[in-house]
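Raw data-v1.cif, mmCIF, C-alpha atoms:
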data_run
#
loop_
_atom_site.group_PDB
_atom_site.id
_atom_site.type_symbol
_atom_site.label_atom_id
_atom_site.label_comp_id
_atom_site.auth_asym_id
_atom_site.auth_seq_id
_atom_site.Cartn_x
_atom_site.Cartn_y
_atom_site.Cartn_z
ATOM 1 C CA MET A 11 13.537 -27.001 -53.315
ATOM 2 C CA ASN A 12 13.568 -30.656 -54.394
ATOM 3 C CA ALA A 13 15.591 -32.247 -51.593
ATOM 4 C CA VAL A 14 15.679 -34.968 -48.980
ATOM 5 C CA VAL A 15 17.849 -34.909 -45.858
ATOM 6 C CA VAL A 16 19.721 -38.038 -44.784
ATOM 7 C CA THR A 17 20.517 -37.955 -41.082
ATOM 8 C CA GLY A 18 21.463 -40.563 -38.524
ATOM 9 C CA THR A 19 21.151 -41.682 -34.943
ATOM 10 C CA ASP A 20 24.918 -41.273 -34.503
ATOM 11 C CA THR A 21 28.141 -40.811 -36.429
ATOM 12 C CA ASP A 22 29.474 -43.637 -38.621
ATOM 13 C CA VAL A 23 26.097 -45.345 -38.945
ATOM 14 C CA GLY A 24 26.423 -45.646 -42.723
ATOM 15 C CA LYS A 25 24.754 -42.415 -43.862
ATOM 16 C CA THR A 26 27.350 -41.747 -46.558
ATOM 17 C CA VAL A 27 27.110 -45.150 -48.244
ATOM 18 C CA PHE A 28 23.317 -44.977 -48.109
ATOM 19 C CA SER A 29 23.398 -41.430 -49.521
ATOM 20 C CA ALA A 30 25.577 -42.619 -52.398
ATOM 21 C CA GLY A 31 23.135 -45.393 -53.198
ATOM 22 C CA LEU A 32 20.195 -43.013 -52.936
ATOM 23 C CA CYS A 33 21.804 -40.502 -55.292
ATOM 24 C CA ALA A 34 22.404 -43.232 -57.864
ATOM 25 C CA GLN A 35 18.837 -44.533 -57.590
ATOM 26 C CA LEU A 36 17.228 -41.100 -57.859
ATOM 27 C CA LYS A 37 19.720 -39.464 -60.254
ATOM 28 C CA ALA A 38 20.173 -36.844 -57.550
ATOM 29 C CA SER A 39 22.995 -34.475 -56.665
ATOM 30 C CA TYR A 40 24.762 -34.764 -53.303
ATOM 31 C CA TRP A 41 25.525 -32.074 -50.764
ATOM 32 C CA LYS A 42 27.300 -32.409 -47.448
ATOM 33 C CA PRO A 43 27.431 -28.812 -46.195
ATOM 34 C CA VAL A 44 29.824 -29.485 -43.297
ATOM 35 C CA GLN A 45 32.748 -31.900 -43.661
ATOM 36 C CA ALA A 46 34.739 -32.456 -40.467
ATOM 37 C CA GLY A 47 37.875 -34.506 -41.147
ATOM 38 C CA LEU A 48 39.963 -34.352 -44.309
ATOM 39 C CA ASP A 49 42.317 -37.322 -43.872
ATOM 40 C CA GLY A 50 41.656 -39.949 -46.530
ATOM 41 C CA GLU A 51 38.529 -39.832 -48.688
ATOM 42 C CA THR A 52 35.956 -37.249 -47.695
ATOM 43 C CA ASP A 53 32.286 -38.214 -47.710
ATOM 44 C CA SER A 54 31.762 -36.278 -50.940
ATOM 45 C CA GLU A 55 34.576 -38.232 -52.583
ATOM 46 C CA VAL A 56 33.107 -41.535 -51.400
ATOM 47 C CA VAL A 57 29.707 -40.621 -52.819
ATOM 48 C CA ALA A 58 31.244 -39.538 -56.125
ATOM 49 C CA ARG A 59 33.104 -42.849 -56.419
ATOM 50 C CA LEU A 60 30.092 -45.007 -55.554
ATOM 51 C CA SER A 61 27.398 -43.099 -57.440
ATOM 52 C CA GLY A 62 28.972 -40.963 -60.158
ATOM 53 C CA CYS A 63 26.519 -38.220 -59.227
ATOM 54 C CA THR A 64 27.017 -34.471 -59.236
ATOM 55 C CA ILE A 65 28.688 -33.282 -56.051
ATOM 56 C CA LEU A 66 27.832 -29.850 -54.693
ATOM 57 C CA PRO A 67 30.772 -28.262 -52.848
ATOM 58 C CA GLU A 68 30.887 -28.276 -49.070
ATOM 59 C CA VAL A 69 30.419 -24.939 -47.338
ATOM 60 C CA TYR A 70 32.806 -25.867 -44.526
ATOM 61 C CA ARG A 71 35.773 -28.203 -45.043
ATOM 62 C CA LEU A 72 37.307 -28.677 -41.604
ATOM 63 C CA ARG A 73 40.489 -30.630 -40.960
ATOM 64 C CA ARG A 74 39.721 -32.059 -37.535
ATOM 65 C CA PRO A 75 37.530 -35.214 -37.346
ATOM 66 C CA ALA A 76 35.319 -33.998 -34.521
ATOM 67 C CA SER A 77 31.950 -32.484 -33.756
ATOM 68 C CA PRO A 78 31.416 -29.648 -36.267
ATOM 69 C CA HIS A 79 31.587 -26.904 -33.645
ATOM 70 C CA LEU A 80 34.872 -28.237 -32.231
ATOM 71 C CA ALA A 81 36.383 -28.818 -35.671
ATOM 72 C CA ALA A 82 35.502 -25.261 -36.659
ATOM 73 C CA GLN A 83 36.755 -23.868 -33.354
ATOM 74 C CA SER A 84 40.138 -25.534 -33.992
ATOM 75 C CA GLU A 85 40.519 -23.374 -37.077
ATOM 76 C CA GLY A 86 39.173 -20.172 -35.548
ATOM 77 C CA ILE A 87 35.916 -20.498 -37.481
ATOM 78 C CA ARG A 88 32.322 -20.238 -36.327
ATOM 79 C CA ILE A 89 29.719 -22.067 -38.402
ATOM 80 C CA VAL A 90 26.834 -19.722 -39.165
ATOM 81 C CA PRO A 91 23.412 -20.930 -40.333
ATOM 82 C CA GLN A 92 23.128 -18.255 -43.012
ATOM 83 C CA ALA A 93 25.984 -19.949 -44.883
ATOM 84 C CA LEU A 94 24.066 -23.244 -44.934
ATOM 85 C CA SER A 95 21.076 -22.050 -46.958
ATOM 86 C CA LEU A 96 19.764 -24.643 -49.381
ATOM 87 C CA PRO A 97 21.597 -24.536 -52.723
ATOM 88 C CA ARG A 98 19.868 -23.792 -55.999
ATOM 89 C CA CYS A 99 19.898 -26.935 -58.097
ATOM 90 C CA ARG A 100 17.950 -28.206 -61.113
ATOM 91 C CA THR A 101 18.170 -31.831 -59.987
ATOM 92 C CA PRO A 102 16.927 -33.486 -56.788
ATOM 93 C CA VAL A 103 19.436 -33.086 -53.946
ATOM 94 C CA VAL A 104 20.374 -35.528 -51.205
ATOM 95 C CA ILE A 105 21.659 -33.593 -48.197
ATOM 96 C CA GLU A 106 23.768 -35.518 -45.690
ATOM 97 C CA THR A 107 24.230 -34.191 -42.183
ATOM 98 C CA ALA A 108 27.345 -34.620 -40.068
ATOM 99 C CA GLY A 109 27.011 -36.899 -37.035
ATOM 100 C CA GLY A 110 23.737 -37.281 -35.165
ATOM 101 C CA LEU A 111 20.853 -34.873 -34.747
ATOM 102 C CA MET A 112 22.228 -33.272 -31.603
ATOM 103 C CA ALA A 113 25.699 -32.630 -33.017
ATOM 104 C CA PRO A 114 26.420 -28.922 -32.419
ATOM 105 C CA LEU A 115 27.166 -26.640 -35.371
ATOM 106 C CA ASN A 116 28.155 -23.904 -32.942
ATOM 107 C CA ARG A 117 27.661 -23.284 -29.213
ATOM 108 C CA GLN A 118 24.089 -22.089 -29.784
ATOM 109 C CA MET A 119 22.893 -24.306 -32.621
ATOM 110 C CA LEU A 120 22.456 -28.050 -33.114
ATOM 111 C CA TYR A 121 22.221 -29.835 -36.456
ATOM 112 C CA LEU A 122 18.578 -30.496 -35.553
ATOM 113 C CA ASP A 123 18.019 -26.722 -35.606
ATOM 114 C CA MET A 124 19.400 -26.566 -39.150
ATOM 115 C CA ILE A 125 17.234 -29.470 -40.288
ATOM 116 C CA ASP A 126 14.242 -27.625 -38.850
ATOM 117 C CA ARG A 127 15.212 -24.477 -40.780
ATOM 118 C CA TRP A 128 15.588 -26.366 -44.054
ATOM 119 C CA GLY A 129 12.095 -27.800 -43.686
ATOM 120 C CA GLN A 130 12.797 -30.702 -46.041
ATOM 121 C CA PRO A 131 11.591 -34.314 -45.640
ATOM 122 C CA LEU A 132 14.165 -36.682 -44.210
ATOM 123 C CA ILE A 133 15.323 -40.252 -43.822
ATOM 124 C CA LEU A 134 16.756 -41.476 -40.527
ATOM 125 C CA CYS A 135 19.609 -44.009 -40.752
ATOM 126 C CA ALA A 136 19.940 -46.367 -37.798
ATOM 127 C CA ARG A 137 22.382 -49.116 -36.887
ATOM 128 C CA THR A 138 21.080 -52.592 -36.113
ATOM 129 C CA ARG A 139 23.584 -53.063 -33.276
ATOM 130 C CA LEU A 140 22.902 -53.141 -29.537
ATOM 131 C CA GLY A 141 21.650 -49.788 -28.276
ATOM 132 C CA THR A 142 19.914 -48.769 -31.475
ATOM 133 C CA ILE A 143 16.380 -48.974 -30.069
ATOM 134 C CA ASN A 144 17.153 -46.265 -27.522
ATOM 135 C CA HIS A 145 19.090 -44.102 -29.990
ATOM 136 C CA THR A 146 16.510 -44.391 -32.739
ATOM 137 C CA LEU A 147 13.453 -43.726 -30.572
ATOM 138 C CA LEU A 148 15.175 -40.695 -29.026
ATOM 139 C CA SER A 149 16.029 -39.405 -32.513
ATOM 140 C CA LEU A 150 12.443 -39.839 -33.678
ATOM 141 C CA MET A 151 11.228 -38.007 -30.583
ATOM 142 C CA ALA A 152 13.604 -35.110 -31.263
ATOM 143 C CA LEU A 153 12.550 -34.847 -34.911
ATOM 144 C CA ARG A 154 8.863 -34.906 -34.070
ATOM 145 C CA SER A 155 9.327 -32.221 -31.433
ATOM 146 C CA ARG A 156 10.238 -29.917 -34.358
ATOM 147 C CA GLY A 157 7.494 -31.147 -36.651
ATOM 148 C CA CYS A 158 9.949 -32.659 -39.139
ATOM 149 C CA ARG A 159 8.546 -34.802 -41.926
ATOM 150 C CA ILE A 160 10.056 -38.279 -41.511
ATOM 151 C CA LEU A 161 9.844 -40.395 -44.658
ATOM 152 C CA GLY A 162 11.089 -43.452 -42.802
ATOM 153 C CA VAL A 163 13.926 -45.295 -41.121
ATOM 154 C CA VAL A 164 16.531 -47.280 -43.035
ATOM 155 C CA PHE A 165 18.451 -49.851 -41.020
ATOM 156 C CA ILE A 166 22.128 -50.431 -41.734
ATOM 157 C CA GLY A 167 23.994 -53.564 -40.698
ATOM 158 C CA ASP A 168 23.251 -57.207 -40.009
ATOM 159 C CA ALA A 169 19.637 -58.359 -39.851
ATOM 160 C CA GLU A 170 18.002 -57.976 -36.424
ATOM 161 C CA PRO A 171 14.298 -58.557 -37.141
ATOM 162 C CA GLU A 172 13.100 -58.203 -33.550
ATOM 163 C CA VAL A 173 15.044 -54.993 -33.034
ATOM 164 C CA GLU A 174 13.876 -53.531 -36.324
ATOM 165 C CA SER A 175 10.217 -54.407 -35.751
ATOM 166 C CA SER A 176 10.381 -52.983 -32.208
ATOM 167 C CA ILE A 177 11.625 -49.639 -33.519
ATOM 168 C CA LEU A 178 9.022 -49.445 -36.276
ATOM 169 C CA GLU A 179 6.149 -50.404 -33.963
ATOM 170 C CA MET A 180 7.148 -48.337 -30.933
ATOM 171 C CA GLY A 181 8.345 -45.418 -33.029
ATOM 172 C CA GLY A 182 5.274 -45.420 -35.271
ATOM 173 C CA VAL A 183 7.486 -44.949 -38.311
ATOM 174 C CA THR A 184 7.748 -46.398 -41.803
ATOM 175 C CA GLY A 185 10.528 -48.885 -42.443
ATOM 176 C CA LEU A 186 12.391 -48.400 -45.726
ATOM 177 C CA GLY A 187 14.316 -51.645 -45.407
ATOM 178 C CA ARG A 188 17.831 -52.639 -44.448
ATOM 179 C CA LEU A 189 21.141 -51.930 -46.157
ATOM 180 C CA PRO A 190 23.531 -54.750 -45.184
ATOM 181 C CA PHE A 191 27.278 -54.439 -44.761
ATOM 182 C CA LEU A 192 28.832 -55.164 -48.144
ATOM 183 C CA ALA A 193 32.028 -57.230 -48.191
ATOM 184 C CA GLU A 194 32.990 -55.672 -51.524
ATOM 185 C CA LEU A 195 31.667 -52.148 -51.599
ATOM 186 C CA ASP A 196 31.489 -50.709 -55.090
ATOM 187 C CA ALA A 197 28.900 -49.061 -57.311
ATOM 188 C CA LYS A 198 27.553 -52.398 -58.586
ATOM 189 C CA SER A 199 27.136 -54.109 -55.204
ATOM 190 C CA LEU A 200 25.633 -50.962 -53.660
ATOM 191 C CA SER A 201 23.142 -50.599 -56.507
ATOM 192 C CA ALA A 202 22.040 -54.219 -56.068
ATOM 193 C CA ALA A 203 21.570 -53.717 -52.317
ATOM 194 C CA MET A 204 19.611 -50.489 -52.821
ATOM 195 C CA GLU A 205 17.200 -52.248 -55.175
ATOM 196 C CA ARG A 206 15.933 -54.220 -52.185
ATOM 197 C CA LEU A 207 14.945 -51.095 -50.246
ATOM 198 C CA ASP A 208 11.530 -49.451 -50.427
ATOM 199 C CA LEU A 209 12.312 -46.010 -51.820
ATOM 200 C CA ASP A 210 8.790 -45.271 -53.055
ATOM 201 C CA PRO A 211 8.124 -42.692 -50.280
ATOM 202 C CA VAL A 212 11.243 -40.793 -51.392
ATOM 203 C CA ARG A 213 10.395 -41.002 -55.084
ATOM 204 C CA ALA A 214 6.894 -39.730 -54.299
ATOM 205 C CA VAL A 215 8.356 -36.596 -52.692
ATOM 206 C CA PHE A 216 10.445 -35.831 -55.755
ATOM 207 C CA ASP A 217 7.569 -36.614 -58.143
ATOM 208 C CA GLN A 218 5.276 -34.228 -56.260
ATOM 209 C CA SER A 219 7.898 -31.512 -56.402
ATOM 210 C CA CYS A 220 8.398 -32.018 -60.144
ATOM 211 C CA ASN A 221 4.641 -31.859 -60.704
ATOM 212 C CA ARG A 222 4.443 -28.561 -58.825
ATOM 213 C CA VAL A 223 7.222 -27.147 -61.001
ATOM 214 C CA ASP A 224 5.428 -28.324 -64.163
ATOM 215 C CA GLU A 225 2.186 -26.722 -62.995
ATOM 216 C CA LYS A 226 3.956 -23.421 -62.324
ATOM 217 C CA ASN A 227 5.594 -23.504 -65.755
ATOM 218 C CA GLU A 228 2.262 -24.273 -67.418
ATOM 219 C CA THR A 229 0.606 -21.385 -65.564
ATOM 220 C CA PHE A 230 3.409 -19.051 -66.634
ATOM 221 C CA ARG A 231 3.032 -20.082 -70.286
ATOM 222 C CA SER A 232 -0.741 -19.589 -70.103
ATOM 223 C CA GLU A 233 -0.377 -16.088 -68.722
ATOM 224 C CA SER A 234 2.310 -15.070 -71.215
#
If you convert what's in this file into structure tokens, what do you get?
Amino acid sequence: MNAVVVTGTDTDVGKTVFSAGLCAQLKASYWKPVQAGLDGETDSEVVARLSGCTILPEVYRLRRPASPHLAAQSEGIRIVPQALSLPRCRTPVVIETAGGLMAPLNRQMLYLDMIDRWGQPLILCARTRLGTINHTLLSLMALRSRGCRILGVVFIGDAEPEVESSILEMGGVTGLGRLPFLAELDAKSLSAAMERLDLDPVRAVFDQSCNRVDEKNETFRSES
């Protein structure tokens, strides 16, 4: 599977806008398996508008804007991990989680558990506002406790150099740059902002995956 997971330290940190920009940069498809809240634009609709990428359908579309397990419970549904298996896709896929790592999918399973099951490399989105050092270091600790492959942290918001450097140094993690708040958010302004990020670690993951596929195809042709 050629995928990268975009997760965050909390809800509303900017994961969706970053995911849209990432999809456009990498010519990737987008998948948000659990959508909680259907008033206004959904995250998939935002990404489609800002990136023009292929959107894979959500597995769960829940009306209530709440933690996934509570939103599902409101509709008499229980989210099951078997339904969230990685989709088959010919293009790279950007997978966006709902809320933070410890958001429950059901009473026995956190989103972190699902990320662990997927086994895909990930990017952690973090605010630059007060409190982000604690939230980000705790998130990194949780991810490492499961052996997750962290490609890096992307900061979202106004510049806070001391905060950002503290997280990168104390968290021992790669910084991918900062996505600022955009006064006029559209495909053009987002693309320009994304150009200033360091996405080479993400591109390397997809390039390696493509090379493995090419090698398998070449082996198959040789044996045929």
One-decimal distance in Å that lies between CA of Leu60 in chain A and CA of Ser95 in chain A: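 CA of Leu60 in chain A lies at a distance of 26.1 Å from CA of Ser95 in chain A.
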Shortest interatomic distance to Gly162 in chain A - which of A:Leu66, A:Ile143, A:Leu209, A:Leu120, counting all atoms listed in the file: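 Ranking A:Leu66, A:Ile143, A:Leu209, A:Leu120 by distance to Gly162 in chain A, first place goes to A:Leu209.
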Residue neighbourhood Leu186 in chain A, 8 Å, only C-alpha atoms, exclusion window fewer than 5 positions, as an MDAnalysis selection string: chainID A and resid 162:165 207:209
Atom pair CA of Leu72 in chain A / CA of Ser84 in chain A: separation (Å):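 Here the two named atoms are 8.7 Å from each other.
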Å distance separating CA of Lys25 in chain A from CA of Ile166 in chain A, one decimal place: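 Computing it gives 8.7 Å between the two atoms.
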Within 7 Å of Leu48 in chain A using all atoms listed in the file, minus same-chain residues under 2 positions, as a list in words: Ala46, Gly50, Thr52, Leu72 and Arg73 of chain A
Spatial neighbours of Leu189 in chain A, 12 Å, all atoms listed in the file, chain gap at least 6 places, as a ChimeraX atom specification: /A:23-29,31-32,135-138,163-170,195,199-208
Residue neighbourhood Cys99 in chain A, 12 Å, all atoms listed in the file, exclusion window fewer than 2 positions, as number ranges by chain: A: 11-13, 38-41, 64-66, 96-97, 101-104
